[in-house]
Structure formats: structure tokens, C-alpha cells
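The data block below is input-v5.txt; it holds compact mmCIF, C-alpha atoms and all ligand atoms.
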# COMPACT_ATOMS: atom_id res chain seq x y z
CA MET A 228 187.29 -63.73 315.20
CA PRO A 229 187.79 -62.23 311.76
CA PHE A 230 190.99 -60.30 311.23
CA LYS A 231 190.82 -56.53 310.75
CA THR A 232 193.08 -56.91 307.75
CA PRO A 233 192.25 -60.19 305.98
CA ILE A 234 194.73 -61.99 303.76
CA TYR A 235 192.42 -61.38 300.83
CA LYS A 236 189.06 -59.99 299.79
CA PRO A 237 187.78 -59.46 296.29
CA SER A 238 187.23 -55.97 294.95
CA LEU A 239 183.57 -55.94 293.89
CA SER A 240 182.70 -52.26 293.63
CA ASN A 241 182.44 -52.00 289.86
CA ASN A 242 179.60 -53.41 287.73
CA GLU A 243 179.35 -56.74 289.58
CA LEU A 244 176.06 -55.95 291.32
CA ASN A 245 174.43 -54.41 288.22
CA TYR A 246 175.22 -57.45 286.11
CA VAL A 247 174.02 -59.91 288.76
CA ILE A 248 170.74 -57.98 289.07
CA ASP A 249 170.46 -58.20 285.29
CA CYS A 250 170.77 -62.02 285.46
CA VAL A 251 168.07 -62.29 288.11
CA LYS A 252 165.69 -59.87 286.39
CA SER A 253 166.09 -61.61 283.04
CA SER A 254 165.84 -65.05 284.74
CA TRP A 255 169.07 -66.27 283.09
CA ILE A 256 170.66 -67.57 286.26
CA SER A 257 171.81 -71.04 285.21
CA SER A 258 174.53 -72.08 282.79
CA LYS A 259 173.01 -70.51 279.70
CA GLY A 260 172.98 -66.79 279.03
CA ASN A 261 174.83 -63.94 277.41
CA TYR A 262 177.37 -63.29 280.12
CA ILE A 263 179.02 -66.66 279.62
CA ASN A 264 180.00 -65.99 276.02
CA ARG A 265 180.89 -62.44 276.88
CA PHE A 266 183.18 -63.46 279.72
CA GLU A 267 184.91 -66.13 277.63
CA LYS A 268 185.40 -63.59 274.86
CA MET A 269 186.77 -60.94 277.21
CA VAL A 270 189.32 -63.34 278.68
CA GLY A 271 190.22 -64.66 275.20
CA GLU A 272 190.81 -61.15 273.86
CA TYR A 273 192.86 -60.18 276.89
CA ILE A 274 195.21 -63.16 276.81
CA LYS A 275 195.06 -63.41 273.00
CA ALA A 276 193.68 -66.95 272.82
CA LYS A 277 191.08 -68.32 270.48
CA TYR A 278 189.80 -71.35 272.38
CA CYS A 279 188.59 -70.47 275.89
CA THR A 280 185.79 -72.22 277.72
CA SER A 281 184.53 -71.48 281.22
CA THR A 282 184.16 -74.11 283.96
CA SER A 283 182.65 -74.45 287.42
CA ASN A 284 186.05 -73.97 289.11
CA GLY A 285 189.80 -74.27 288.64
CA THR A 286 189.91 -77.89 289.77
CA THR A 287 187.37 -79.03 287.19
CA ALA A 288 189.31 -77.02 284.60
CA LEU A 289 192.43 -79.06 285.38
CA HIS A 290 190.48 -82.32 285.34
CA LEU A 291 189.09 -81.46 281.90
CA ALA A 292 192.57 -80.56 280.63
CA LEU A 293 193.97 -83.97 281.58
CA LEU A 294 190.92 -85.80 280.22
CA ALA A 295 191.11 -83.97 276.90
CA LEU A 296 194.77 -84.91 276.50
CA GLY A 297 193.82 -88.55 277.00
CA ILE A 298 195.92 -88.94 280.13
CA GLY A 299 194.86 -91.84 282.34
CA GLU A 300 195.85 -95.09 283.97
CA ASN A 301 199.51 -96.12 283.60
CA ASP A 302 200.51 -92.62 282.48
CA GLU A 303 202.91 -90.37 284.36
CA VAL A 304 202.74 -86.61 284.66
CA ILE A 305 205.75 -84.62 285.81
CA THR A 306 204.90 -81.88 288.28
CA THR A 307 206.23 -80.36 291.50
CA ASN A 308 205.40 -81.01 295.12
CA PHE A 309 205.03 -77.28 295.78
CA THR A 310 201.64 -76.16 294.51
CA TYR A 311 198.02 -76.05 295.56
CA VAL A 312 196.72 -79.56 296.17
CA ALA A 313 194.05 -79.35 293.42
CA SER A 314 196.77 -79.18 290.81
CA THR A 315 198.23 -82.56 291.76
CA ASN A 316 194.87 -84.09 292.66
CA ALA A 317 193.76 -83.57 289.05
CA ILE A 318 196.43 -86.12 288.06
CA LEU A 319 194.99 -88.62 290.56
CA MET A 320 191.47 -87.85 289.31
CA VAL A 321 192.36 -89.38 285.93
CA LYS A 322 194.20 -92.25 287.70
CA ALA A 323 197.62 -91.19 286.38
CA LYS A 324 200.75 -90.94 288.51
CA PRO A 325 202.29 -87.61 289.57
CA VAL A 326 206.09 -87.69 289.36
CA PHE A 327 207.61 -84.93 291.46
CA CYS A 328 210.44 -82.78 290.17
CA ASP A 329 212.25 -80.42 292.54
CA ILE A 330 211.80 -76.62 292.51
CA ASN A 331 214.10 -73.59 292.45
CA LEU A 332 214.45 -71.78 295.77
CA GLU A 333 214.45 -68.41 293.96
CA ASP A 334 210.94 -68.62 292.51
CA LEU A 335 209.50 -71.87 293.95
CA ASN A 336 208.80 -73.08 290.41
CA ILE A 337 209.89 -76.27 288.65
CA ASN A 338 213.67 -76.65 288.30
CA THR A 339 213.92 -77.28 284.57
CA ASP A 340 217.44 -78.75 284.87
CA LEU A 341 215.95 -81.71 286.73
CA ILE A 342 212.99 -82.50 284.47
CA GLU A 343 214.74 -84.82 282.01
CA GLU A 344 215.89 -87.30 284.64
CA LYS A 345 212.23 -87.73 285.67
CA ILE A 346 211.06 -88.72 282.19
CA SER A 347 210.18 -92.37 281.56
CA LYS A 348 208.40 -94.28 278.82
CA LYS A 349 205.15 -93.60 280.66
CA THR A 350 205.52 -89.82 280.82
CA LYS A 351 202.76 -88.02 278.92
CA ALA A 352 202.83 -84.45 280.18
CA ILE A 353 204.46 -81.79 282.33
CA LEU A 354 201.96 -80.01 284.56
CA VAL A 355 203.36 -76.81 286.03
CA THR A 356 201.91 -74.15 288.30
CA ASN A 357 203.10 -70.55 288.16
CA VAL A 358 203.44 -70.49 291.93
CA TYR A 359 202.15 -67.31 293.60
CA GLY A 360 201.96 -65.72 290.13
CA PHE A 361 205.66 -66.08 289.20
CA LEU A 362 206.14 -67.65 285.79
CA CYS A 363 207.97 -70.90 285.09
CA ASP A 364 210.72 -71.12 282.50
CA PHE A 365 208.43 -72.07 279.62
CA GLU A 366 211.11 -71.83 276.94
CA LYS A 367 213.10 -74.60 278.61
CA ILE A 368 209.95 -76.60 279.36
CA LYS A 369 208.96 -76.29 275.71
CA THR A 370 212.36 -77.52 274.49
CA ILE A 371 212.10 -80.59 276.71
CA SER A 372 208.48 -81.28 275.80
CA LYS A 373 209.34 -81.16 272.09
CA LYS A 374 212.30 -83.48 272.48
CA TYR A 375 210.25 -86.12 274.32
CA ASN A 376 206.87 -85.41 272.71
CA LEU A 377 205.10 -84.40 275.92
CA PHE A 378 202.15 -82.11 276.52
CA ILE A 379 202.52 -78.99 278.64
CA ILE A 380 199.70 -78.14 281.02
CA GLU A 381 199.92 -74.67 282.55
CA ASP A 382 198.07 -74.24 285.84
CA GLY A 383 197.60 -70.47 285.68
CA ALA A 384 195.27 -70.27 288.68
CA GLU A 385 197.62 -67.83 290.40
CA SER A 386 199.09 -66.08 287.38
CA PHE A 387 196.16 -64.41 285.62
CA GLY A 388 197.59 -61.20 284.14
CA ALA A 389 201.24 -62.35 284.25
CA VAL A 390 203.35 -61.87 281.12
CA TYR A 391 206.05 -64.14 279.67
CA LYS A 392 208.02 -62.43 276.89
CA ASN A 393 204.95 -60.63 275.50
CA ARG A 394 202.72 -63.67 275.93
CA LYS A 395 200.09 -63.81 278.61
CA SER A 396 199.74 -66.57 281.17
CA GLY A 397 196.97 -68.82 279.90
CA THR A 398 198.66 -69.27 276.53
CA LEU A 399 201.87 -70.93 277.72
CA GLY A 400 200.75 -74.57 277.71
CA ASP A 401 199.15 -76.88 275.16
CA ILE A 402 196.28 -76.48 277.57
CA SER A 403 196.18 -73.83 280.29
CA THR A 404 193.73 -73.33 283.13
CA PHE A 405 192.59 -70.53 285.42
CA SER A 406 190.70 -70.41 288.69
CA PHE A 407 188.38 -67.55 289.59
CA PHE A 408 187.92 -68.42 293.26
CA GLY A 409 187.20 -65.49 295.61
CA ASN A 410 190.85 -64.80 296.39
CA LYS A 411 192.24 -65.08 292.88
CA THR A 412 193.32 -62.04 290.81
CA ILE A 413 189.87 -61.81 289.27
CA THR A 414 186.96 -63.77 290.66
CA THR A 415 183.58 -65.19 289.72
CA GLY A 416 182.96 -66.53 293.25
CA GLU A 417 183.78 -70.05 292.18
CA GLY A 418 184.83 -70.54 288.58
CA GLY A 419 187.51 -71.52 286.15
CA MET A 420 188.57 -71.57 282.53
CA VAL A 421 190.34 -73.92 280.14
CA ILE A 422 192.34 -72.49 277.25
CA CYS A 423 193.43 -74.76 274.39
CA LYS A 424 195.88 -74.37 271.53
CA ASN A 425 194.18 -77.11 269.59
CA LYS A 426 190.58 -76.94 268.36
CA LYS A 427 190.01 -80.67 268.87
CA HIS A 428 190.90 -80.43 272.56
CA PHE A 429 188.63 -77.41 272.85
CA GLU A 430 185.63 -79.16 271.29
CA LEU A 431 186.18 -82.23 273.46
CA ILE A 432 186.38 -80.13 276.64
CA LYS A 433 183.14 -78.30 275.80
CA LYS A 434 181.46 -81.66 275.38
CA LEU A 435 182.99 -83.20 278.53
CA LYS A 436 181.92 -80.29 280.72
CA ASN A 437 178.37 -80.58 279.39
CA GLN A 438 177.51 -84.25 280.17
CA GLY A 439 179.00 -85.52 276.93
CA ASN A 440 176.05 -84.14 275.00
CA SER A 441 176.21 -84.87 271.30
CA ASN A 442 175.11 -82.12 269.00
CA ILE A 443 173.01 -84.65 267.10
CA LYS A 444 169.93 -85.14 269.26
CA THR A 445 168.66 -84.27 272.72
CA TYR A 446 169.50 -86.77 275.46
CA TYR A 447 171.96 -88.55 273.27
CA HIS A 448 175.35 -88.53 274.98
CA ASP A 449 178.13 -90.02 272.91
CA ILE A 450 180.71 -89.97 275.72
CA MET A 451 180.56 -89.98 279.50
CA GLY A 452 180.80 -86.39 280.61
CA TYR A 453 180.43 -84.19 283.66
CA ASN A 454 178.53 -81.12 284.73
CA TYR A 455 181.44 -78.71 285.04
CA ARG A 456 179.68 -75.63 283.66
CA MET A 457 179.93 -72.04 284.89
CA THR A 458 176.67 -70.20 285.57
CA ASN A 459 175.59 -66.96 283.95
CA ILE A 460 175.68 -65.25 287.37
CA GLN A 461 179.30 -66.28 287.86
CA ALA A 462 180.16 -65.06 284.36
CA ALA A 463 178.33 -61.77 285.02
CA ILE A 464 180.63 -61.11 287.97
CA GLY A 465 183.56 -62.14 285.79
CA CYS A 466 182.65 -59.58 283.10
CA ALA A 467 182.61 -56.80 285.70
CA GLN A 468 185.94 -58.05 287.05
CA MET A 469 187.46 -58.00 283.56
CA GLU A 470 186.36 -54.37 283.14
CA ALA A 471 188.32 -53.56 286.31
CA LEU A 472 191.29 -55.82 285.52
CA GLU A 473 193.94 -53.23 284.67
CA SER A 474 193.19 -51.31 287.84
CA ILE A 475 193.22 -54.50 289.96
CA LEU A 476 196.60 -55.57 288.52
CA LYS A 477 198.12 -52.12 289.03
CA LYS A 478 196.98 -51.93 292.65
CA LYS A 479 198.39 -55.39 293.35
CA SER A 480 201.75 -54.67 291.79
CA ASP A 481 201.94 -51.40 293.80
CA ILE A 482 201.24 -53.35 297.00
CA TYR A 483 203.92 -55.91 296.19
CA ASN A 484 206.45 -53.20 295.44
CA TYR A 485 205.59 -51.33 298.62
CA TYR A 486 206.41 -54.43 300.64
CA LYS A 487 209.60 -54.96 298.67
CA ASP A 488 210.77 -51.38 299.20
CA ASN A 489 209.85 -51.18 302.87
CA LEU A 490 210.75 -54.53 304.39
CA GLU A 491 214.26 -55.05 305.75
CA LYS A 492 216.73 -56.46 303.27
CA GLU A 493 217.35 -59.82 304.94
CA ILE A 494 213.76 -60.82 304.22
CA GLN A 495 213.79 -62.78 300.97
CA PHE A 496 211.43 -62.05 298.08
CA LEU A 497 211.03 -64.31 295.08
CA THR A 498 212.90 -63.42 291.90
CA GLU A 499 211.10 -63.36 288.59
CA LEU A 500 212.73 -64.64 285.40
CA ASN A 501 214.08 -62.10 282.91
CA ASN A 502 211.45 -60.73 280.54
CA THR A 503 208.55 -61.86 282.71
CA ILE A 504 206.05 -59.90 284.77
CA PRO A 505 204.44 -61.82 287.66
CA SER A 506 200.75 -61.37 288.44
CA TYR A 507 201.64 -60.34 292.03
CA TRP A 508 198.77 -62.50 293.22
CA MET A 509 200.14 -62.81 296.75
CA THR A 510 203.25 -61.44 298.43
CA PRO A 511 205.37 -64.40 299.56
CA ILE A 512 208.31 -63.66 301.86
CA VAL A 513 210.90 -66.02 303.30
CA PHE A 514 212.67 -65.60 306.65
CA LYS A 515 216.10 -66.84 307.70
CA SER A 516 214.67 -69.22 310.32
CA ILE A 517 211.41 -70.86 311.36
CA MET A 518 211.69 -69.05 314.69
CA ILE A 519 211.74 -65.60 313.12
CA LYS A 520 208.86 -66.52 310.86
CA ARG A 521 206.76 -67.66 313.83
CA ARG A 522 207.56 -64.48 315.77
CA VAL A 523 206.52 -62.24 312.87
CA GLU A 524 203.44 -64.33 312.15
CA ASN A 525 202.29 -64.10 315.79
CA ALA A 526 202.90 -60.37 315.97
CA LEU A 527 200.91 -59.77 312.78
CA ASN A 528 198.02 -61.99 313.85
CA LEU A 529 197.86 -60.42 317.33
CA ASN A 530 197.62 -57.03 315.63
CA GLY A 531 194.66 -58.10 313.51
CA VAL A 532 196.59 -58.92 310.33
CA GLU A 533 195.83 -62.28 308.74
CA THR A 534 198.68 -64.24 307.12
CA ARG A 535 198.92 -67.54 305.29
CA PRO A 536 201.60 -70.19 305.50
CA PHE A 537 203.20 -71.57 302.32
CA PHE A 538 201.76 -74.73 300.78
CA THR A 539 202.52 -77.96 302.61
CA PRO A 540 204.64 -79.97 300.15
CA ILE A 541 202.16 -82.27 298.42
CA ASP A 542 204.15 -85.44 299.12
CA LEU A 543 203.77 -84.80 302.86
CA LEU A 544 199.98 -85.14 302.57
CA PRO A 545 198.66 -88.50 303.81
CA PHE A 546 197.18 -89.62 300.48
CA TYR A 547 200.45 -89.10 298.57
CA GLU A 548 203.58 -91.15 298.88
CA GLU A 549 206.46 -89.20 300.37
CA ASP A 550 209.24 -88.47 297.94
CA LYS A 551 212.87 -87.50 298.52
CA ILE A 552 212.30 -84.02 297.11
CA LYS A 553 214.13 -81.53 299.30
CA SER A 554 213.74 -77.86 298.36
CA ALA A 555 210.10 -77.28 299.23
CA LYS A 556 210.59 -79.01 302.59
CA ASN A 557 213.55 -76.77 303.30
CA ILE A 558 211.65 -73.56 302.65
CA TYR A 559 207.93 -73.93 303.36
CA LYS A 560 208.11 -73.53 307.13
CA ARG A 561 210.03 -70.27 306.75
CA GLY A 562 207.59 -68.72 304.30
CA LEU A 563 204.66 -66.40 304.85
CA LEU A 564 202.06 -64.83 302.57
CA LEU A 565 201.08 -61.22 303.27
CA PRO A 566 197.75 -59.47 302.59
CA SER A 567 197.75 -58.45 298.93
CA PHE A 568 194.16 -57.61 297.99
CA PRO A 569 193.53 -54.67 295.65
CA ASP A 570 191.78 -52.43 298.19
CA LEU A 571 194.43 -52.81 300.91
CA LYS A 572 195.06 -49.31 302.28
CA LYS A 573 198.40 -47.52 302.49
CA THR A 574 197.98 -47.12 306.28
CA GLU A 575 197.50 -50.89 306.63
CA LEU A 576 200.58 -51.54 304.50
CA GLU A 577 202.65 -49.18 306.64
CA LYS A 578 201.46 -50.92 309.80
CA ILE A 579 202.22 -54.40 308.42
CA CYS A 580 205.75 -53.43 307.39
CA GLU A 581 206.41 -51.82 310.74
CA ILE A 582 205.30 -54.93 312.63
CA ILE A 583 207.43 -57.20 310.44
CA ASN A 584 210.53 -55.00 310.67
CA ASN A 585 210.18 -54.71 314.46
CA ASN A 586 209.86 -58.45 315.04
CA ARG A 587 212.30 -59.94 312.58
C1 LIG A 601 193.17 -71.96 293.34
C2 LIG A 601 194.00 -72.97 292.67
C3 LIG A 601 193.45 -74.08 292.00
C4 LIG A 601 192.03 -74.54 292.14
O1 LIG A 601 191.07 -73.68 291.84
P1 LIG A 601 189.59 -73.81 292.45
O2 LIG A 601 188.87 -72.80 291.62
O3 LIG A 601 189.65 -73.47 293.89
O4 LIG A 601 189.10 -75.19 292.19
C5 LIG A 601 194.30 -74.91 291.29
N1 LIG A 601 195.61 -74.68 291.25
C6 LIG A 601 196.18 -73.65 291.89
C7 LIG A 601 197.64 -73.46 291.76
C8 LIG A 601 195.40 -72.77 292.64
O5 LIG A 601 195.99 -71.77 293.29

Mind turning the file's structure into C-alpha cells?
Amino acid sequence: MPFKTPIYKPSLSNNELNYVIDCVKSSWISSKGNYINRFEKMVGEYIKAKYCTSTSNGTTALHLALLALGIGENDEVITTNFTYVASTNAILMVKAKPVFCDINLEDLNINTDLIEEKISKKTKAILVTNVYGFLCDFEKIKTISKKYNLFIIEDGAESFGAVYKNRKSGTLGDISTFSFFGNKTITTGEGGMVICKNKKHFELIKKLKNQGNSNIKTYYHDIMGYNYRMTNIQAAIGCAQMEALESILKKKSDIYNYYKDNLEKEIQFLTELNNTIPSYWMTPIVFKSIMIKRRVENALNLNGVETRPFFTPIDLLPFYEEDKIKSAKNIYKRGLLLPSFPDLKKTELEKICEIINNNR
């Protein structure tokens, strides 16, 4: 049975329908058409990046990022075991080895003090997710990456709209990626984007996502590529979402702050780094014990409110080797994500807080 208050639903009441109708009427429904360039340009202008190219989803965006950096067999990529599985799978997709670094309990992001001890001769890159929209310590990551000559890959799937010292998420890695899945800050249904610092990487990614097509002659492919393109219909929805972006971000930060102001103090919220603004993609809270978390979760679900657990630490999944990384395992069973979609009503928020406070 669907929940009365879902964990997420996209806000699609702006120009989304008009633009989709335009695609159908004009017959530009595949991966050519004006909306694609327009969407890439809108995102590029917003995050202040020159080289943005759209993709079929956030997973293919990550795959392309690793391919473009030439990461493959016998290479190691430092990452964390607390992220969405697609992030780490991308490393396996290019046959490289993920090396897990522990996280901070305050923001669930990579613990930069522990990165250096994970570096070996095989290390090529550091792939970090801004978990639940909270930004990693990119200044420290940058210092380390410079010292050891490593690439930084920013998985910004959850941090669209977040700000790190006046720079937007999506510009914090050598290559950054976004996802525009239905529950992300802005959506194209399924969709993604790759953002590059370097023009060469950008050109290679455009070629890789388009079957390795050479620009020389038709049906001449000079490298093996993929079909990882976004469609014009997806981009049309994305353009309408970008028009509504400021309002979406504001509503989400208001929701987050409402929870923070109205939930009892012993419930832990994440802490953002100084001079950063999270995207407030989801509202993650942490309870003192697994028992309390289960009680609150049950009460919310019985009252028609959907919740989500935290990620299962990646190294506990059957196709990864378990590592001795502790922090994520200590916290994930005590964590809960709360409904945080832009159109969530004040009355629903009040009800959710009341249920949580009464059952803690
Ligand atoms: C959503 C997400 C992805 C994958 O995006 P898809 O568009 O679903 O392929 C990758 N990494 C993180 C951290 C995500 O949250």
C-alpha cells in the first residue's frame, strides 16, 4: 500500500508538461533536440562550469568519468563504504579496485585524516560522494591529491545546489557527476551529467557516450563507446526543473530546518563543514540506539509516513569483500531518512515531528 506521505516525490507543476508536449509535437523525442543543449547550458551557468555533458543516468555519468580518466585494471580508487552502491560499482565497472577509507560520524563523509594511509603505488583517484547533500572537505582532499598526483572524482548525485566556499557542487572534482533520478533535487526522470575541468576529458566523454563516433565520417567509430545519451524529453523536464530550482532548494532547506528546530535535542543531525551549504537533499537523523530507531520507524510507517534506512555499508554487500571499516557499521542501523520533498506540507511536517518526539 502506498504511504500517504511518501519519502519523496518530484515537484513537476512548472513548465515540465508544456516542454514535454513540445518535444512530442515537434517529434524531437530521442537524443537530439534543442532541450539537450539548453539543459546543459542552464546547469553549466548555474554551477559556473564550462564543460557539462548530459548522460542517461548518474551511474553512466560515473562510469564515463572513470573511463575518461583512464582508470582501469590494476588501478586503485580510494572511496568510502558509505554511499549509494552505484558510486562504488562504477569502480568495478572499469575493473579497478575500490579501497575503502573510513568516514566521519558527524557528516558521514570521507575522513580526510585517514586518506593518506590508504594510498599505494596503484592509487589513481579519490572518488567521494557528498553524502545526503553534505559536502566533503575538498580543500584537504585537494591538498592530498596534489601531493600524490591523484584525480578527484566528485559524486554530486545528492548535492546539486550545495555550495562549498562560493563554489557549487559539480565543480569540486577534476570530474564531477550528477544524477537526475526522480528523487534527486532536480529530476529528468532518469538522467545524469558529467562536468569536467579539462577539455580533453570533456571531448572524450562526449565521444564515449555516443558509441565512440568519430567526427570524420558516418559509421566510423575510432574507439569503443556506449549509448549513454540523455533524451530530449528528459532534458525538457530538466529545463523546467532548472527554472524552478531556487524555489525547490528553498523549500527543501525550510523543511530540513523545521525538522531541526522541532525534533527533540537528543536526536542527532549531521553537521556541515564551515563555509558550506548542504543541498538538504534528504533529512538524515540518528538515534541513540537501534531500538529507538525501530520504534520511531514503525510508528511513522503505521501512520502512513514512509521512511528510508541509511545505506548498507558497501563492504557488507555480497559482491564486495568485507573490510575492517568501522564507522558506517556503527551508525547505519541507527539512522533514518525523513520525507524531504519540496511540496511536503506544514501539517505533514508537524505530524511527523510529533510522532517522532512521542516515540523516541
Ligand atoms: C542516485 C545516486 C547515484 C546514481 O544515479 P542514477 O541516476 O540512479 O544512476 C550515484 N551516486 C549517488 C551517491 C546517488 O545518490

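CA of Ala288 (chain A) is found 16.5 Å from CA of Val304 (chain A).
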
Next item on the list: Kindly work out which residues sit at most 6 Å from ligand LIG 601 (chain A), using all atoms listed in the file, and give the list as a list in words.
Entry: Asn284, Gly285, Thr286, Thr310, Tyr311, Ala313, Ser314, Thr356, Asp382, Ala384, Glu385, Ser406, Phe407, Phe408, Glu417, Gly418 and Gly419 of chain A

For C-alpha atoms, I'd like the residues from the last selection saved as a compact mmCIF listing (two decimals), in the coordinates of the input.
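Listed below is the output, part13.txt:
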# COMPACT_ATOMS: atom_id res chain seq x y z
CA ASN A 284 186.05 -73.97 289.11
CA GLY A 285 189.80 -74.27 288.64
CA THR A 286 189.91 -77.89 289.77
CA THR A 310 201.64 -76.16 294.51
CA TYR A 311 198.02 -76.05 295.56
CA ALA A 313 194.05 -79.35 293.42
CA SER A 314 196.77 -79.18 290.81
CA THR A 356 201.91 -74.15 288.30
CA ASP A 382 198.07 -74.24 285.84
CA ALA A 384 195.27 -70.27 288.68
CA GLU A 385 197.62 -67.83 290.40
CA SER A 406 190.70 -70.41 288.69
CA PHE A 407 188.38 -67.55 289.59
CA PHE A 408 187.92 -68.42 293.26
CA GLU A 417 183.78 -70.05 292.18
CA GLY A 418 184.83 -70.54 288.58
CA GLY A 419 187.51 -71.52 286.15

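Taking only C-alpha atoms into account, Lys479 (chain A) lies nearest to A:Lys572 out of the set A:Arg587, A:Lys572, A:Arg394, A:Lys259.
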
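Put simply, CA of Leu289 (chain A) is 27.6 Å away from CA of Tyr246 (chain A).
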
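One distance worth recording is that between CA of Phe327 (chain A) and CA of Ile380 (chain A), which is 14.8 Å.
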
Item checked: Cys363 (chain A) surroundings by only C-alpha atoms, 12 Å radius, close-in-sequence under 2 positions cut, as a PyMOL selection string -> chain A and resi 306-307+330-331+333-339+353-361+365-369+379-383+386+389-392+396+399-400+498-505

Counting all atoms listed in the file, select every polymer residue within 10 Å of (183.8, -77.1, 277.0) as defined in the file's coordinates, and provide the selection as a tab-separated table (two decimals) with C-alpha atoms, keeping the file's coordinate frame.
chain	number	residue	atom	x	y	z
A	278	TYR	CA	189.80	-71.35	272.38
A	279	CYS	CA	188.59	-70.47	275.89
A	280	THR	CA	185.79	-72.22	277.72
A	281	SER	CA	184.53	-71.48	281.22
A	282	THR	CA	184.16	-74.11	283.96
A	288	ALA	CA	189.31	-77.02	284.60
A	291	LEU	CA	189.09	-81.46	281.90
A	420	MET	CA	188.57	-71.57	282.53
A	421	VAL	CA	190.34	-73.92	280.14
A	422	ILE	CA	192.34	-72.49	277.25
A	428	HIS	CA	190.90	-80.43	272.56
A	429	PHE	CA	188.63	-77.41	272.85
A	430	GLU	CA	185.63	-79.16	271.29
A	431	LEU	CA	186.18	-82.23	273.46
A	432	ILE	CA	186.38	-80.13	276.64
A	433	LYS	CA	183.14	-78.30	275.80
A	434	LYS	CA	181.46	-81.66	275.38
A	435	LEU	CA	182.99	-83.20	278.53
A	436	LYS	CA	181.92	-80.29	280.72
A	437	ASN	CA	178.37	-80.58	279.39
A	439	GLY	CA	179.00	-85.52	276.93
A	455	TYR	CA	181.44	-78.71	285.04
A	456	ARG	CA	179.68	-75.63	283.66

Margin query: Restricting the calculation to all atoms listed in the file: of A:Gly409, A:Gly465, A:Pro566, A:Pro536, which residue gets closest to Tyr486 (chain A)?
Written below: A:Pro566

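Minimum atom-to-atom distance to Leu544 (chain A), evaluated using only C-alpha atoms, belongs to A:Phe309 out of A:Ile475, A:Phe309, A:Ile318, A:Ser347.
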
In the coordinate frame of the file, compute which residues have an atom within 12 Å of (187.7, -51.3, 285.1) when using all atoms listed in the file, and state them as a short mmCIF file (atom, residue, chain, number, x, y, z; two decimals) with C-alpha atoms, in the coordinates of the input.
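And here's result-v7.cif as it stands now:
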data_model
loop_
_atom_site.label_atom_id
_atom_site.label_comp_id
_atom_site.auth_asym_id
_atom_site.auth_seq_id
_atom_site.Cartn_x
_atom_site.Cartn_y
_atom_site.Cartn_z
CA SER A 238 187.23 -55.97 294.95
CA LEU A 239 183.57 -55.94 293.89
CA SER A 240 182.70 -52.26 293.63
CA ASN A 241 182.44 -52.00 289.86
CA ASN A 242 179.60 -53.41 287.73
CA GLU A 243 179.35 -56.74 289.58
CA ILE A 413 189.87 -61.81 289.27
CA GLY A 465 183.56 -62.14 285.79
CA CYS A 466 182.65 -59.58 283.10
CA ALA A 467 182.61 -56.80 285.70
CA GLN A 468 185.94 -58.05 287.05
CA MET A 469 187.46 -58.00 283.56
CA GLU A 470 186.36 -54.37 283.14
CA ALA A 471 188.32 -53.56 286.31
CA LEU A 472 191.29 -55.82 285.52
CA GLU A 473 193.94 -53.23 284.67
CA SER A 474 193.19 -51.31 287.84
CA ILE A 475 193.22 -54.50 289.96
CA LEU A 476 196.60 -55.57 288.52
CA LYS A 477 198.12 -52.12 289.03
CA LYS A 478 196.98 -51.93 292.65
#

Item checked: Of the listed residues A:Thr510, A:Thr350, A:Asn245, A:Thr287, that which approaches Tyr485 (chain A) most closely, counting all atoms listed in the file ->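 Looking only at the distances to Tyr485 (chain A), the closest residue turns out to be A:Thr510.
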
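With all atoms listed in the file taken into account, the protein and nucleic acid residues at most 12 Å from Glu577 (chain A) (excluding it and anything under 5 positions from it in its own chain) are Ile482, Tyr485, Tyr486, Asp488, Asn489, Leu490, Leu571, Lys572, Ile582, Ile583 and Asn584 of chain A.
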
The centre and edge lengths of an axis-aligned box containing all atoms of region 376-386 of chain A present in the file, extended by 3 Å on each side, are to be given in Å to one decimal, as JSON.
{"center_x": 201.1, "center_y": -75.7, "center_z": 281.6, "size_x": 17.6, "size_y": 25.3, "size_z": 23.7}

Next item on the list: Have a look at A:Met457, A:Leu563, A:Leu576, A:Leu377 and name the one nearest to Tyr483 (chain A); count all atoms listed in the file.
Entry: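 Of A:Met457, A:Leu563, A:Leu576, A:Leu377, the one nearest Tyr483 (chain A), counting all atoms listed in the file, is A:Leu576.
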
Reconstructed all heavy atoms for region 358-362 of chain A, given as a compact mmCIF listing (two decimals), keeping the file's coordinate frame:
# COMPACT_ATOMS: atom_id res chain seq x y z
N VAL A 358 203.71 -70.60 290.50
CA VAL A 358 203.44 -70.49 291.93
C VAL A 358 203.43 -69.03 292.39
O VAL A 358 204.35 -68.27 292.09
CB VAL A 358 204.48 -71.31 292.73
CG1 VAL A 358 204.33 -71.09 294.23
CG2 VAL A 358 204.32 -72.80 292.40
N TYR A 359 202.38 -68.67 293.09
CA TYR A 359 202.15 -67.31 293.60
C TYR A 359 202.20 -66.24 292.50
O TYR A 359 202.44 -65.08 292.77
CB TYR A 359 203.12 -66.97 294.75
CG TYR A 359 203.03 -67.95 295.91
CD1 TYR A 359 204.17 -68.43 296.54
CD2 TYR A 359 201.79 -68.44 296.35
CE1 TYR A 359 204.09 -69.35 297.59
CE2 TYR A 359 201.70 -69.36 297.39
CZ TYR A 359 202.84 -69.80 297.99
OH TYR A 359 202.75 -70.72 299.02
N GLY A 360 202.03 -66.67 291.25
CA GLY A 360 201.96 -65.72 290.13
C GLY A 360 203.28 -65.49 289.43
O GLY A 360 203.35 -64.70 288.49
N PHE A 361 204.35 -66.19 289.86
CA PHE A 361 205.66 -66.08 289.20
C PHE A 361 205.74 -67.15 288.11
O PHE A 361 205.44 -68.31 288.35
CB PHE A 361 206.79 -66.25 290.22
CG PHE A 361 206.94 -65.04 291.12
CD1 PHE A 361 206.01 -64.80 292.12
CD2 PHE A 361 207.97 -64.14 290.93
CE1 PHE A 361 206.12 -63.67 292.93
CE2 PHE A 361 208.08 -63.00 291.73
CZ PHE A 361 207.16 -62.76 292.73
N LEU A 362 206.21 -66.75 286.93
CA LEU A 362 206.14 -67.65 285.79
C LEU A 362 207.29 -68.65 285.73
O LEU A 362 208.44 -68.31 286.05
CB LEU A 362 206.10 -66.83 284.50
CG LEU A 362 204.80 -66.03 284.35
CD1 LEU A 362 204.95 -64.95 283.29
CD2 LEU A 362 203.62 -66.93 284.03
